[in-house]
Amino acid sequence: MKRFLHVGFNFQGKPLIDELKPTFDQAEDWLRYAPNCWIVWTDQSPSVWSDRLRPFLGEKDNLFVCGLDITRRQGWLPKSSWEWIRKNRTQTAHRRVG
């Protein structure tokens with residue numbers, strides 16, 4: 001079953017943003033809404049994503065992956081981020097932001 005997951009990092013060194021992109025491209029769709037935070041649309045579990053992202057972590061870095069219910073939401077994001085969140089995911093074309 002496809003769902004949203006939240007992925008958050010706390011990098012102690014330089015974030016490996018460019019190196020992470022191919023991994024996030026394995027999701028059906030994704031949004032990077034903050035320097036160290038992503039939302040992914042996927043049918044895979046948090047543990048699969050954690051294992052997939054673990055090689056990018058340094059010894060003192062942190063990673064948090066959890067299910068995300070976006071039906072109850074509030075915040076201050078760019079218009080393009082809200083459009084991504086509200087997008088109809090039954091379509092096959094995806095647009096990644098980040």
# chains A, B, ... in the order shown; residues from 1 in each chain; ligands from 1
$ select_by_dssp --residues "range 6-95 of chain A" --states "helix (DSSP H, G or I)" --output "list in words"
Ile17, Asp18, Glu19, Leu20, Lys21, Pro22, Thr23, Phe24, Pro46, Ser47, Val48, Trp49, Ser50, Asp51, Arg52, Leu53, Arg54, Pro55, Phe56, Lys79, Ser80, Ser81, Trp82, Glu83, Trp84, Ile85 and Arg86 of chain A
$ closest_atom_pairs --of "range 15-38 of chain A" --to "range 47-59 of chain A" --cutoff "10 Å" --atoms "only C-alpha atoms" --output "CSV"
residue,atom,partner,partner_atom,distance
A:Pro15,CA,A:Phe56,CA,9.1
A:Leu16,CA,A:Phe56,CA,7.2
A:Ile17,CA,A:Phe56,CA,9.7
A:Glu19,CA,A:Phe56,CA,8.1
A:Leu20,CA,A:Phe56,CA,7.5
A:Thr23,CA,A:Arg52,CA,7.4
A:Phe24,CA,A:Leu53,CA,9.0
A:Gln26,CA,A:Trp49,CA,9.8
A:Ala27,CA,A:Trp49,CA,9.3
$ atom_distance --atom1 "CA of Cys66 in chain A" --atom2 "CA of Ser80 in chain A"
23.0 Å
$ residues_around --residues "Trp41 in chain A" --least-positions-apart "4" --cutoff "7 Å" --atoms "only C-alpha atoms" --output "CSV table (one decimal) with N, CA and C atoms, in the first residue's frame"
chain,number,residue,atom,x,y,z
A,2,LYS,N,0.6,2.1,-0.9
A,2,LYS,CA,1.4,3.4,-1.0
A,2,LYS,C,1.0,4.3,0.1
A,3,ARG,N,2.0,5.1,0.6
A,3,ARG,CA,1.8,6.0,1.7
A,3,ARG,C,2.9,7.0,1.7
A,4,PHE,N,2.7,8.0,2.6
A,4,PHE,CA,3.7,9.0,2.8
A,4,PHE,C,4.6,8.6,3.9
A,5,LEU,N,5.9,8.9,3.8
A,5,LEU,CA,6.9,8.7,4.9
A,5,LEU,C,7.6,10.0,5.0
A,27,ALA,N,11.8,6.4,-4.9
A,27,ALA,CA,10.4,6.5,-4.4
A,27,ALA,C,9.5,6.8,-5.6
A,28,GLU,N,8.2,6.6,-5.4
A,28,GLU,CA,7.3,6.9,-6.5
A,28,GLU,C,7.3,8.5,-6.7
A,29,ASP,N,7.5,9.2,-5.6
A,29,ASP,CA,7.5,10.7,-5.7
A,29,ASP,C,8.1,11.1,-4.4
A,30,TRP,N,8.7,12.3,-4.4
A,30,TRP,CA,9.3,12.9,-3.2
A,30,TRP,C,9.4,14.4,-3.2
$ residues_around --residues "Pro78 in chain A" --least-positions-apart "4" --cutoff "10 Å" --atoms "only C-alpha atoms" --output "NGL selection string"
:A and (33 or 82-83)
$ atom_distance --atom1 "CA of Pro22 in chain A" --atom2 "CA of Asp61 in chain A"
19.6 Å
$ residues_around --residues "Phe64 in chain A" --least-positions-apart "6" --cutoff "9 Å" --atoms "only C-alpha atoms" --output "MDAnalysis selection string"
chainID A and resid 6:10 46 50
$ write_last_selection --atoms "N, CA and C atoms" --output "PDB file, in the first residue's frame"
ATOM      1  N   HIS A   6       7.961  10.313   6.248  1.00  0.00           N
ATOM      2  CA  HIS A   6       8.825  11.453   6.526  1.00  0.00           C
ATOM      3  C   HIS A   6      10.233  10.922   6.747  1.00  0.00           C
ATOM      4  N   VAL A   7      11.208  11.597   6.140  1.00  0.00           N
ATOM      5  CA  VAL A   7      12.616  11.244   6.319  1.00  0.00           C
ATOM      6  C   VAL A   7      13.342  12.493   6.789  1.00  0.00           C
ATOM      7  N   GLY A   8      13.947  12.404   7.956  1.00  0.00           N
ATOM      8  CA  GLY A   8      14.695  13.530   8.503  1.00  0.00           C
ATOM      9  C   GLY A   8      16.110  13.120   8.866  1.00  0.00           C
ATOM     10  N   PHE A   9      17.048  13.967   8.541  1.00  0.00           N
ATOM     11  CA  PHE A   9      18.457  13.750   8.864  1.00  0.00           C
ATOM     12  C   PHE A   9      18.930  14.840   9.803  1.00  0.00           C
ATOM     13  N   ASN A  10      19.953  14.524  10.577  1.00  0.00           N
ATOM     14  CA  ASN A  10      20.734  15.509  11.298  1.00  0.00           C
ATOM     15  C   ASN A  10      22.187  15.183  10.983  1.00  0.00           C
ATOM     16  N   PRO A  46       9.187   2.052   6.418  1.00  0.00           N
ATOM     17  CA  PRO A  46      10.250   2.885   7.001  1.00  0.00           C
ATOM     18  C   PRO A  46      11.566   2.121   7.173  1.00  0.00           C
ATOM     19  N   SER A  50      15.104   3.250   5.796  1.00  0.00           N
ATOM     20  CA  SER A  50      16.208   3.439   6.739  1.00  0.00           C
ATOM     21  C   SER A  50      17.441   2.665   6.276  1.00  0.00           C
TER      22      SER A  50
END
$ select_by_dssp --residues "chain A" --states "strand (DSSP E or B)" --output "JSON, numbers by chain"
{"A": [3, 4, 5, 6, 7, 8, 9, 10, 29, 30, 31, 32, 33, 34, 37, 38, 39, 40, 41, 42, 62, 63, 64, 65, 66, 67, 68, 97]}
$ write_last_selection --atoms "N, CA and C atoms" --output "tab-separated table (two decimals), in the first residue's frame"
chain	number	residue	atom	x	y	z
A	3	ARG	N	1.99	5.06	0.62
A	3	ARG	CA	1.77	6.00	1.73
A	3	ARG	C	2.88	7.02	1.74
A	4	PHE	N	2.69	8.03	2.57
A	4	PHE	CA	3.72	9.04	2.78
A	4	PHE	C	4.61	8.62	3.94
A	5	LEU	N	5.90	8.85	3.78
A	5	LEU	CA	6.86	8.70	4.87
A	5	LEU	C	7.61	10.01	5.02
A	6	HIS	N	7.96	10.31	6.25
A	6	HIS	CA	8.82	11.45	6.53
A	6	HIS	C	10.23	10.92	6.75
A	7	VAL	N	11.21	11.60	6.14
A	7	VAL	CA	12.62	11.24	6.32
A	7	VAL	C	13.34	12.49	6.79
A	8	GLY	N	13.95	12.40	7.96
A	8	GLY	CA	14.69	13.53	8.50
A	8	GLY	C	16.11	13.12	8.87
A	9	PHE	N	17.05	13.97	8.54
A	9	PHE	CA	18.46	13.75	8.86
A	9	PHE	C	18.93	14.84	9.80
A	10	ASN	N	19.95	14.52	10.58
A	10	ASN	CA	20.73	15.51	11.30
A	10	ASN	C	22.19	15.18	10.98
A	29	ASP	N	7.46	9.21	-5.64
A	29	ASP	CA	7.50	10.66	-5.68
A	29	ASP	C	8.13	11.15	-4.38
A	30	TRP	N	8.71	12.33	-4.39
A	30	TRP	CA	9.31	12.86	-3.17
A	30	TRP	C	9.35	14.38	-3.22
A	31	LEU	N	9.44	14.94	-2.03
A	31	LEU	CA	9.54	16.38	-1.84
A	31	LEU	C	10.59	16.65	-0.78
A	32	ARG	N	11.53	17.50	-1.08
A	32	ARG	CA	12.48	17.99	-0.08
A	32	ARG	C	11.97	19.36	0.34
A	33	TYR	N	11.44	19.45	1.55
A	33	TYR	CA	10.80	20.70	1.98
A	33	TYR	C	11.66	21.52	2.93
A	34	ALA	N	12.76	20.96	3.38
A	34	ALA	CA	13.70	21.67	4.25
A	34	ALA	C	15.08	21.07	4.00
A	37	CYS	N	15.05	17.50	5.38
A	37	CYS	CA	13.76	16.82	5.52
A	37	CYS	C	13.11	16.54	4.18
A	38	TRP	N	12.63	15.32	4.02
A	38	TRP	CA	11.95	14.88	2.82
A	38	TRP	C	10.62	14.23	3.18
A	39	ILE	N	9.69	14.27	2.24
A	39	ILE	CA	8.49	13.45	2.29
A	39	ILE	C	8.55	12.56	1.05
A	40	VAL	N	8.36	11.27	1.23
A	40	VAL	CA	8.37	10.35	0.10
A	40	VAL	C	7.01	9.67	-0.02
A	41	TRP	N	6.61	9.40	-1.24
A	41	TRP	CA	5.40	8.63	-1.55
A	41	TRP	C	5.90	7.28	-2.04
A	42	THR	N	5.58	6.22	-1.30
A	42	THR	CA	6.20	4.92	-1.56
A	42	THR	C	5.30	3.79	-1.09
A	62	ASN	N	22.31	11.45	12.35
A	62	ASN	CA	21.05	10.83	12.77
A	62	ASN	C	20.10	10.74	11.59
A	63	LEU	N	19.22	9.74	11.65
A	63	LEU	CA	18.21	9.52	10.63
A	63	LEU	C	16.91	9.12	11.32
A	64	PHE	N	15.79	9.69	10.88
A	64	PHE	CA	14.47	9.34	11.41
A	64	PHE	C	13.53	9.15	10.23
A	65	VAL	N	12.91	7.98	10.16
A	65	VAL	CA	11.95	7.68	9.09
A	65	VAL	C	10.67	7.19	9.77
A	66	CYS	N	9.53	7.78	9.38
A	66	CYS	CA	8.27	7.36	9.99
A	66	CYS	C	7.13	7.57	9.00
A	67	GLY	N	6.02	6.86	9.24
A	67	GLY	CA	4.82	7.08	8.47
A	67	GLY	C	4.30	8.48	8.72
A	68	LEU	N	3.62	9.04	7.71
A	68	LEU	CA	3.16	10.42	7.81
A	68	LEU	C	1.72	10.50	7.32
A	97	VAL	N	10.07	17.94	-6.18
A	97	VAL	CA	10.46	19.29	-5.78
A	97	VAL	C	11.61	19.15	-4.80
